[in-house]
>>> print(open('upload-v7.tsv').read())   # TSV, C-alpha atoms (C1' of nucleotides)
chain	number	residue	atom	x	y	z
A	1	MET	CA	1.81	-11.61	32.00
A	2	PRO	CA	4.18	-12.83	29.30
A	3	LEU	CA	2.59	-14.35	26.22
A	4	ARG	CA	3.61	-17.94	25.76
A	5	PRO	CA	2.49	-20.01	22.80
A	6	GLY	CA	0.32	-23.00	23.78
A	7	PRO	CA	1.50	-26.62	23.63
A	8	VAL	CA	0.22	-27.32	20.12
A	9	TYR	CA	2.23	-24.42	18.70
A	10	VAL	CA	5.23	-25.65	20.67
A	11	GLU	CA	4.94	-29.23	19.39
A	12	ILE	CA	4.72	-28.00	15.80
A	13	LEU	CA	7.87	-25.92	16.27
A	14	ARG	CA	9.64	-28.81	18.03
A	15	ALA	CA	8.85	-31.12	15.12
A	16	ALA	CA	10.27	-28.63	12.63
A	17	ASP	CA	13.32	-28.20	14.83
A	18	SER	CA	14.04	-31.94	14.61
A	19	VAL	CA	14.57	-31.86	10.83
A	20	PRO	CA	18.34	-31.96	10.23
A	21	ARG	CA	20.25	-29.87	7.75
A	22	GLY	CA	19.88	-31.12	4.18
A	23	ARG	CA	16.70	-32.98	4.91
A	24	LEU	CA	13.02	-32.07	4.57
A	25	THR	CA	9.62	-32.87	5.98
A	26	THR	CA	6.06	-31.94	5.06
A	27	PHE	CA	3.23	-30.15	6.85
A	28	GLY	CA	1.29	-33.43	6.69
A	29	GLU	CA	4.11	-35.47	8.27
A	30	ILE	CA	4.25	-33.08	11.20
A	31	ALA	CA	0.46	-33.18	11.48
A	32	ARG	CA	0.53	-37.00	11.62
A	33	THR	CA	3.20	-36.83	14.30
A	34	LEU	CA	0.85	-34.69	16.37
A	35	GLY	CA	-1.80	-37.33	15.85
A	36	ASP	CA	-4.10	-35.98	13.14
A	37	TYR	CA	-3.51	-35.32	9.44
A	38	ARG	CA	-6.24	-32.65	9.61
A	39	ALA	CA	-3.71	-30.33	11.22
A	40	ALA	CA	-1.64	-30.04	8.02
A	41	LYS	CA	-2.91	-26.57	7.15
A	42	ALA	CA	-2.45	-25.38	10.72
A	43	VAL	CA	1.12	-26.66	10.63
A	44	ALA	CA	1.76	-24.71	7.44
A	45	GLU	CA	0.47	-21.50	8.98
A	46	VAL	CA	2.30	-21.89	12.28
A	47	ILE	CA	5.60	-22.73	10.58
A	48	SER	CA	5.35	-19.84	8.16
A	49	VAL	CA	4.28	-17.24	10.75
A	50	MET	CA	6.32	-18.37	13.76
A	51	GLY	CA	9.12	-20.52	12.37
A	52	ARG	CA	11.71	-17.90	11.52
A	53	ALA	CA	11.19	-15.80	14.66
A	54	TYR	CA	11.46	-18.85	16.91
A	55	GLY	CA	14.69	-19.96	15.32
A	56	VAL	CA	13.59	-23.31	13.90
A	57	PRO	CA	14.51	-24.48	10.36
A	58	TRP	CA	11.17	-23.48	8.87
A	59	HIS	CA	12.55	-23.67	5.33
A	60	ARG	CA	12.90	-27.46	5.63
A	61	VAL	CA	9.13	-27.92	5.91
A	62	VAL	CA	7.34	-28.12	2.57
A	63	SER	CA	3.99	-29.21	1.13
A	64	SER	CA	3.40	-32.83	0.12
A	65	ARG	CA	4.02	-31.76	-3.47
A	66	GLY	CA	7.35	-30.24	-2.53
A	67	GLU	CA	6.23	-26.61	-2.66
A	68	ILE	CA	8.46	-24.44	-0.48
A	69	LEU	CA	7.54	-21.51	1.75
A	70	ARG	CA	8.20	-17.99	0.52
A	71	GLY	CA	11.80	-17.03	1.02
A	72	ALA	CA	13.00	-20.58	1.67
A	73	GLU	CA	14.87	-21.10	-1.59
A	74	GLU	CA	18.15	-19.44	-0.67
A	75	PHE	CA	18.38	-21.35	2.61
A	76	LEU	CA	17.62	-24.68	0.93
A	77	ARG	CA	20.13	-24.08	-1.88
A	78	GLU	CA	22.77	-23.36	0.73
A	79	GLU	CA	22.06	-26.80	2.23
A	80	GLY	CA	22.36	-28.49	-1.14
A	81	VAL	CA	18.65	-28.96	-1.77
A	82	VAL	CA	17.68	-28.50	-5.42
A	83	VAL	CA	14.73	-26.14	-5.95
A	84	LYS	CA	13.07	-25.86	-9.35
A	85	GLY	CA	9.96	-23.83	-10.06
A	86	GLY	CA	9.28	-23.19	-6.38
A	87	ARG	CA	9.43	-26.89	-5.56
A	88	VAL	CA	12.08	-29.21	-4.15
A	89	VAL	CA	13.13	-31.89	-6.60
A	90	ASP	CA	14.17	-34.80	-4.39
A	91	LEU	CA	11.66	-34.70	-1.55
A	92	THR	CA	11.38	-38.48	-1.31
A	93	ARG	CA	15.08	-39.04	-0.73
A	94	ARG	CA	15.39	-36.26	1.85
A	95	LEU	CA	12.07	-36.79	3.62
A	96	VAL	CA	11.95	-37.13	7.41
A	97	GLU	CA	8.82	-39.18	8.06
A	98	ALA	CA	6.33	-38.77	10.89
A	99	GLY	CA	7.88	-41.52	13.00
A	100	GLU	CA	11.29	-39.83	13.07
A	101	LEU	CA	10.04	-36.36	13.98
A	102	GLU	CA	10.33	-35.18	17.56
A	103	ALA	CA	6.90	-34.20	18.85
A	104	ARG	CA	4.20	-35.52	21.15
A	105	PRO	CA	0.92	-36.90	19.74
A	106	ILE	CA	-0.91	-34.07	21.42
A	107	LEU	CA	-3.91	-34.09	19.09
A	108	ALA	CA	-4.44	-37.79	19.71
A	109	GLU	CA	-4.51	-36.99	23.41
A	110	MET	CA	-7.01	-34.23	22.83
A	111	ARG	CA	-9.21	-36.61	20.86
A	112	ARG	CA	-9.22	-39.01	23.80
A	113	THR	CA	-10.26	-36.15	26.05
A	114	GLN	CA	-13.11	-35.31	23.69
A	115	ARG	CA	-14.35	-38.91	23.76
A	116	ILE	CA	-14.31	-38.99	27.55
A	117	LEU	CA	-16.03	-35.64	27.96
A	118	ALA	CA	-18.60	-36.54	25.29
A	119	GLU	CA	-20.01	-39.11	27.71
A	120	ARG	CA	-21.01	-36.26	29.99
A	121	VAL	CA	-23.18	-34.54	27.37
A	122	ILE	CA	-26.84	-34.29	28.40
A	123	LEU	CA	-29.38	-33.95	25.61
A	124	GLU	CA	-32.32	-32.83	27.69
A	125	ASP	CA	-33.56	-29.29	28.19
A	126	GLU	CA	-32.47	-27.82	31.51
A	127	VAL	CA	-34.42	-24.63	30.88
A	128	GLU	CA	-37.87	-25.07	29.37
A	129	ARG	CA	-38.38	-21.49	28.17
A	130	PRO	CA	-35.05	-19.62	27.90
A	131	GLU	CA	-35.45	-15.87	28.36
A	132	LEU	CA	-31.81	-14.82	28.10
A	133	VAL	CA	-29.57	-16.21	25.38
A	134	ALA	CA	-25.82	-15.56	25.36
A	135	GLY	CA	-24.39	-15.37	21.84
A	136	ALA	CA	-20.68	-16.18	21.86
A	137	ASP	CA	-17.90	-15.91	19.30
A	138	VAL	CA	-14.14	-15.42	19.02
A	139	ALA	CA	-11.97	-13.41	16.63
A	140	TYR	CA	-8.23	-13.94	16.08
A	141	ARG	CA	-5.23	-11.87	15.14
A	142	TRP	CA	-1.48	-12.40	15.00
A	143	GLU	CA	0.42	-9.94	17.16
A	144	ARG	CA	3.93	-9.56	18.51
A	145	ASP	CA	4.81	-9.89	22.17
A	146	GLU	CA	7.20	-7.60	24.07
A	147	GLY	CA	10.14	-9.45	22.59
A	148	GLY	CA	8.83	-9.15	19.03
A	149	LEU	CA	7.80	-12.79	18.77
A	150	PRO	CA	4.58	-13.54	16.86
A	151	VAL	CA	1.70	-14.83	18.99
A	152	GLU	CA	-1.89	-15.45	18.04
A	153	VAL	CA	-4.38	-13.54	20.17
A	154	ALA	CA	-8.03	-14.45	20.76
A	155	ARG	CA	-10.77	-11.92	21.45
A	156	GLY	CA	-13.83	-13.66	22.89
A	157	ALA	CA	-17.13	-11.80	22.95
A	158	VAL	CA	-20.47	-12.63	24.51
A	159	VAL	CA	-23.73	-10.73	24.04
A	160	VAL	CA	-26.77	-11.50	26.22
A	161	VAL	CA	-30.07	-10.98	24.42
A	162	ASP	CA	-33.65	-11.12	25.76
A	163	THR	CA	-36.76	-12.45	24.02
A	164	ASP	CA	-37.30	-9.07	22.34
A	165	LEU	CA	-33.80	-9.45	20.88
A	166	ARG	CA	-32.59	-6.54	22.95
A	167	VAL	CA	-29.03	-6.55	24.25
A	168	VAL	CA	-29.01	-6.63	28.05
A	169	ASP	CA	-25.37	-7.44	28.80
A	170	GLY	CA	-22.05	-8.36	27.25
A	171	SER	CA	-18.37	-9.04	27.76
A	172	ILE	CA	-15.12	-8.98	25.81
A	173	GLN	CA	-12.08	-10.95	26.95
A	174	ILE	CA	-8.68	-11.02	25.28
A	175	SER	CA	-6.18	-13.84	25.79
A	176	PRO	CA	-3.47	-15.68	23.87
A	177	ALA	CA	-4.82	-18.39	21.59
A	178	VAL	CA	-4.02	-21.83	22.99
A	179	MET	CA	-3.78	-23.64	19.67
A	180	PRO	CA	-4.28	-23.01	15.96
A	181	TYR	CA	-7.51	-23.88	14.19
A	182	VAL	CA	-7.66	-27.58	13.39
A	183	PRO	CA	-10.94	-28.99	12.08
A	184	THR	CA	-12.76	-31.02	14.76
A	185	TYR	CA	-10.71	-29.48	17.63
A	186	LEU	CA	-12.37	-26.07	17.56
A	187	GLY	CA	-13.63	-26.41	21.13
A	188	PHE	CA	-10.07	-26.54	22.46
A	189	ARG	CA	-9.10	-23.45	20.48
A	190	GLU	CA	-11.98	-21.28	21.55
A	191	PHE	CA	-12.80	-22.52	25.04
A	192	PRO	CA	-10.45	-20.30	27.09
A	193	ALA	CA	-11.60	-17.03	25.54
A	194	LEU	CA	-15.25	-18.08	25.65
A	195	ALA	CA	-15.05	-19.30	29.23
A	196	ARG	CA	-13.60	-16.01	30.42
A	197	ALA	CA	-16.39	-14.00	28.81
A	198	LEU	CA	-19.25	-16.38	29.63
A	199	SER	CA	-18.32	-16.79	33.28
A	200	ARG	CA	-18.82	-13.08	33.92
A	201	LEU	CA	-22.43	-13.03	32.75
A	202	SER	CA	-25.74	-14.63	33.63
A	203	PHE	CA	-28.07	-16.17	31.04
A	204	ASP	CA	-30.20	-19.26	30.40
A	205	VAL	CA	-28.43	-20.78	27.41
A	206	ALA	CA	-25.28	-20.10	25.39
A	207	MET	CA	-25.39	-20.10	21.60
A	208	MET	CA	-22.12	-20.25	19.70
A	209	ASP	CA	-20.68	-20.14	16.24
A	210	GLY	CA	-19.95	-23.80	15.49
A	211	HIS	CA	-21.43	-27.24	16.07
A	212	GLY	CA	-22.56	-29.09	19.18
A	213	ILE	CA	-22.87	-32.88	18.89
A	214	ALA	CA	-22.72	-32.68	15.09
A	215	HIS	CA	-19.07	-33.68	15.33
A	216	PRO	CA	-16.98	-36.82	14.56
A	217	VAL	CA	-16.95	-37.85	18.24
A	218	PHE	CA	-20.11	-35.93	19.14
A	219	PHE	CA	-18.16	-33.23	20.96
A	220	GLY	CA	-18.11	-30.00	19.01
A	221	GLU	CA	-17.41	-26.58	20.43
A	222	ALA	CA	-20.87	-26.08	21.95
A	223	SER	CA	-20.64	-29.43	23.75
A	224	HIS	CA	-17.12	-28.62	24.90
A	225	VAL	CA	-18.13	-25.27	26.36
A	226	GLY	CA	-21.38	-26.64	27.75
A	227	VAL	CA	-19.84	-29.60	29.55
A	228	CYS	CA	-16.74	-27.80	30.82
A	229	LEU	CA	-18.71	-24.83	32.19
A	230	ASP	CA	-21.74	-26.97	33.03
A	231	ILE	CA	-24.15	-24.67	31.22
A	232	PRO	CA	-26.86	-25.23	28.58
A	233	ALA	CA	-25.29	-24.63	25.17
A	234	LEU	CA	-26.06	-25.12	21.49
A	235	GLY	CA	-24.22	-24.61	18.23
A	236	VAL	CA	-25.16	-22.63	15.14
A	237	ALA	CA	-22.96	-23.17	12.07
A	238	LYS	CA	-22.92	-21.82	8.57
A	239	ARG	CA	-21.41	-24.99	7.15
A	240	ARG	CA	-21.68	-28.71	7.79
A	241	LEU	CA	-18.91	-30.62	9.56
A	242	VAL	CA	-20.36	-34.15	9.52
A	243	GLY	CA	-23.53	-35.94	8.51
A	244	LYS	CA	-26.06	-36.02	5.75
A	245	ILE	CA	-29.16	-33.90	5.35
A	246	ARG	CA	-32.51	-35.68	5.32
A	247	GLY	CA	-35.23	-33.09	5.04
A	248	GLU	CA	-34.45	-30.75	7.92
A	249	GLU	CA	-32.63	-33.39	9.94
A	250	LEU	CA	-28.86	-33.72	10.12
A	251	ILE	CA	-28.02	-37.44	10.39
A	252	TYR	CA	-24.62	-38.87	11.38
A	253	MET	CA	-23.80	-42.49	12.20
A	254	THR	CA	-27.46	-43.52	12.02
A	255	ARG	CA	-28.69	-40.92	14.48
A	256	GLN	CA	-29.89	-37.36	14.36
A	257	VAL	CA	-27.24	-34.91	15.59
A	258	GLY	CA	-28.91	-31.66	14.61
A	259	TRP	CA	-30.85	-29.71	12.04
A	260	ALA	CA	-30.33	-28.08	8.68
A	261	LEU	CA	-32.90	-25.35	9.12
A	262	PRO	CA	-34.01	-23.56	5.96
A	263	VAL	CA	-33.72	-19.79	6.08
A	264	LYS	CA	-35.03	-18.93	2.63
A	265	PRO	CA	-36.73	-21.43	0.30
A	266	GLU	CA	-33.71	-21.59	-2.00
A	267	GLY	CA	-30.95	-20.36	0.32
A	268	ARG	CA	-28.35	-22.35	2.22
A	269	PRO	CA	-29.60	-23.77	5.51
A	270	VAL	CA	-28.24	-22.91	8.94
A	271	TYR	CA	-26.91	-25.90	10.90
A	272	VAL	CA	-28.13	-26.20	14.48
A	273	SER	CA	-27.10	-28.82	17.02
A	274	PRO	CA	-27.45	-29.23	20.76
A	275	GLY	CA	-24.28	-28.85	22.78
A	276	HIS	CA	-25.21	-29.67	26.37
A	277	LYS	CA	-28.35	-29.61	28.52
A	278	VAL	CA	-30.36	-28.76	25.41
A	279	SER	CA	-32.48	-31.24	23.41
A	280	LEU	CA	-32.66	-31.59	19.65
A	281	GLU	CA	-36.13	-30.10	19.68
A	282	GLY	CA	-35.07	-27.39	22.13
A	283	SER	CA	-32.10	-26.33	20.00
A	284	ALA	CA	-34.29	-25.74	16.95
A	285	LYS	CA	-36.90	-23.96	19.02
A	286	ILE	CA	-34.38	-21.57	20.56
A	287	VAL	CA	-32.81	-20.71	17.22
A	288	LYS	CA	-36.19	-20.00	15.63
A	289	LYS	CA	-37.21	-17.84	18.57
A	290	PHE	CA	-34.03	-15.79	18.63
A	291	ARG	CA	-33.57	-15.47	14.89
A	292	GLY	CA	-34.30	-11.95	13.79
A	293	GLY	CA	-34.96	-12.34	10.09
A	294	THR	CA	-31.34	-13.14	9.25
A	295	ARG	CA	-29.63	-16.46	8.61
A	296	ILE	CA	-27.48	-16.22	11.71
A	297	PRO	CA	-29.52	-15.80	14.93
A	298	THR	CA	-29.23	-12.39	16.55
A	299	PRO	CA	-27.18	-13.37	19.64
A	300	VAL	CA	-24.46	-15.04	17.55
A	301	ARG	CA	-24.54	-12.32	14.91
A	302	LEU	CA	-24.01	-9.60	17.51
A	303	ALA	CA	-21.32	-11.59	19.30
A	304	HIS	CA	-19.50	-12.05	16.01
A	305	LYS	CA	-19.50	-8.32	15.44
A	306	LEU	CA	-18.42	-7.55	18.98
A	307	ALA	CA	-15.56	-10.04	18.77
A	308	GLU	CA	-13.95	-8.31	15.79
A	309	PHE	CA	-10.72	-6.52	16.61
A	310	PRO	CA	-11.20	-2.78	16.12
A	311	LYS	CA	-9.50	-1.42	13.03
A	312	PRO	CA	-6.70	1.10	13.69
A	313	GLY	CA	-8.28	4.45	14.45
A	314	GLU	CA	-11.75	3.13	15.10
A	315	GLY	CA	-13.47	2.52	18.39
A	316	ARG	CA	-12.72	3.84	21.85
A	317	PHE	CA	-10.99	2.10	24.74
A	318	GLY	CA	-10.33	-0.83	22.43
A	319	GLU	CA	-14.03	-1.42	21.97
A	320	THR	CA	-15.88	-1.81	18.69
A	321	SER	CA	-19.11	-0.56	20.19
A	322	SER	CA	-20.43	0.40	23.59
A	323	LEU	CA	-22.49	-2.03	25.58
B	1	DG	C1'	-8.54	-31.75	-11.12
B	2	DC	C1'	-11.28	-33.77	-7.41
B	3	DG	C1'	-12.86	-33.88	-2.71
B	4	DA	C1'	-13.52	-31.03	1.21
B	5	DC	C1'	-13.06	-30.75	7.14
B	6	DA	C1'	-17.09	-25.85	12.02
B	7	DG	C1'	-13.98	-21.36	12.81
C	1	DA	C1'	-10.90	-17.39	11.17
C	2	DT	C1'	-8.08	-13.73	8.15
C	3	DC	C1'	-6.51	-11.68	3.81
C	4	DT	C1'	-9.03	-8.28	0.49
C	5	DT	C1'	-11.63	-5.59	-4.91
C	6	DG	C1'	-15.22	-5.44	-6.79
C	7	DT	C1'	-19.94	-6.80	-7.36
C	8	DC	C1'	-24.81	-8.20	-6.76
C	9	DG	C1'	-29.26	-7.55	-4.43
C	10	DC	C1'	-32.78	-6.11	-1.06
>>> encode(input="upload-v7.tsv", output="structure tokens")
Amino acid sequence: MPLRPGPVYVEILRAADSVPRGRLTTFGEIARTLGDYRAAKAVAEVISVMGRAYGVPWHRVVSSRGEILRGAEEFLREEGVVVKGGRVVDLTRRLVEAGELEARPILAEMRRTQRILAERVILEDEVERPELVAGADVAYRWERDEGGLPVEVARGAVVVVDTDLRVVDGSIQISPAVMPYVPTYLGFREFPALARALSRLSFDVAMMDGHGIAHPVFFGEASHVGVCLDIPALGVAKRRLVGKIRGEELIYMTRQVGWALPVKPEGRPVYVSPGHKVSLEGSAKIVKKFRGGTRIPTPVRLAHKLAEFPKPGEGRFGETSSL
DNA sequence: GCGACAG
DNA sequence: ATCTTGTCGC
């Protein structure tokens, strides 16, 4: 099966390819063309890692302050662009703005999909007393395909844990990443790898690294996975994406979307939010029950470890540990 | 420099 | 998330 970069990677490269010789654009302009300025950092990474190998004029894409990518200076000079101190001098005059770039507003389309699917989220407990919790996480690595082209690879891992916090089952699934990490679109990035691993196992509720409804359109990764696989799911995150903390409640747009559960009296809280077929109360209850003395609950912690790509020379059969 | 947006 | 040296604390 040949590795093909997903549509978001393709649109980023297409946008860069539409910048003519002697002109420039920015990571942010490309991100806005895709439909969301939040993708600016992802654009920078994709252009710098994939641009040269895919034959697009990567050197014509710079930061909003005119900072150029490493190695771009000689190519820009050759096109008559003046570079001084690692920055282009006349960005304004040469700038190709978002409206002139050739790319589809794919992130805007994905946002619409999130809004539609968010209406399907159910915030009631399907399972009253979960016995088996599936911790799920994904690790990433840039690799090269058979033709030497860089592709980002996802390694999804799921660990099923019982009420004694014992591992009873697990799965690892490797697949090409479908899109780079863009804040608020994490569900799209991780869903394929998670779905492959989750669909091979049986459990009562899935717990993943990320947020559930604590999201700008109430459709974080845990909601995405929960709705699309029609399984109970909840999110556990180390950092906040949206909302304000009031006591232990996480409030966004006048309603509670999750919890900021204290771990130690003075330590940082862990953010918990329902994804699908789990209630607010249920999500906190499950995390407390399956938390083994550490900040990150055991199922997610183990999944995180299992997802890691083995270092060269370590592990057998491509596995980090045996399950 | 500030603000900050999961992974 | 990944890249990475040393450092702090249970």
>>> closest_atom_pairs(input="upload-v7.tsv", of="chain B", to="chain A", cutoff="9 Å", atoms="all atoms listed in the file", output="tab-separated table")
residue	atom	partner	partner_atom	distance
B:DC5	C1'	A:Pro183	CA	5.7
B:DA6	C1'	A:Gly210	CA	4.9
B:DG7	C1'	A:Leu186	CA	6.9
>>> interface_residues(input="upload-v7.tsv", of="chain C", to="chain A", cutoff="12 Å", atoms="all atoms listed in the file", output="PyMOL selection string")
chain C and resi 1-3
>>> residues_around(input="upload-v7.tsv", residues="Leu302 in chain A", least_positions_apart="4", cutoff="12 Å", atoms="only C-alpha atoms (C1' of nucleotides)", output="VMD selection string")
chain A and resid 133 to 138 157 to 161 165 to 167 169 to 171 207 to 209 290 to 292 294 296 to 298 306 to 308 320 to 321 323
>>> atom_distance(input="upload-v7.tsv", atom1="CA of Leu234 in chain A", atom2="CA of Val300 in chain A")
10.9 Å
>>> residues_around(input="upload-v7.tsv", residues="Ala103 in chain A", least_positions_apart="2", cutoff="8 Å", atoms="only C-alpha atoms (C1' of nucleotides)", output="list in words")
Glu11, Ile12, Arg14, Ala15, Thr33, Leu34, Leu101 and Pro105 of chain A
>>> atom_distance(input="upload-v7.tsv", atom1="CA of Arg70 in chain A", atom2="CA of Arg93 in chain A")
22.2 Å
>>> residues_around(input="upload-v7.tsv", residues="Gly35 in chain A", least_positions_apart="5", cutoff="7 Å", atoms="only C-alpha atoms (C1' of nucleotides)", output="JSON, numbers by chain")
{"A": [105, 106, 107, 108]}
>>> atom_distance(input="upload-v7.tsv", atom1="CA of Ala260 in chain A", atom2="CA of Glu124 in chain A")
19.7 Å
>>> closest_atom_pairs(input="upload-v7.tsv", of="range 101-137 of chain A", to="range 272-286 of chain A", cutoff="10 Å", atoms="only C-alpha atoms", output="CSV")
residue,atom,partner,partner_atom,distance
A:Ala118,CA,A:His276,CA,9.6
A:Arg120,CA,A:His276,CA,8.6
A:Val121,CA,A:His276,CA,5.4
A:Ile122,CA,A:Lys277,CA,4.9
A:Leu123,CA,A:Ser279,CA,4.7
A:Glu124,CA,A:Ser279,CA,4.6
A:Asp125,CA,A:Val278,CA,4.3
A:Glu126,CA,A:Lys277,CA,5.4
A:Val127,CA,A:Val278,CA,8.0
A:Glu128,CA,A:Gly282,CA,8.1
A:Arg129,CA,A:Ile286,CA,8.6
A:Pro130,CA,A:Ile286,CA,7.6
A:Glu131,CA,A:Ile286,CA,9.7
A:Val133,CA,A:Ile286,CA,8.7
>>> closest_residue(input="upload-v7.tsv", among="A:Arg295, A:Lys311, A:Lys244, A:Lys289", to="Val263 in chain A", atoms="all atoms listed in the file")
A:Arg295
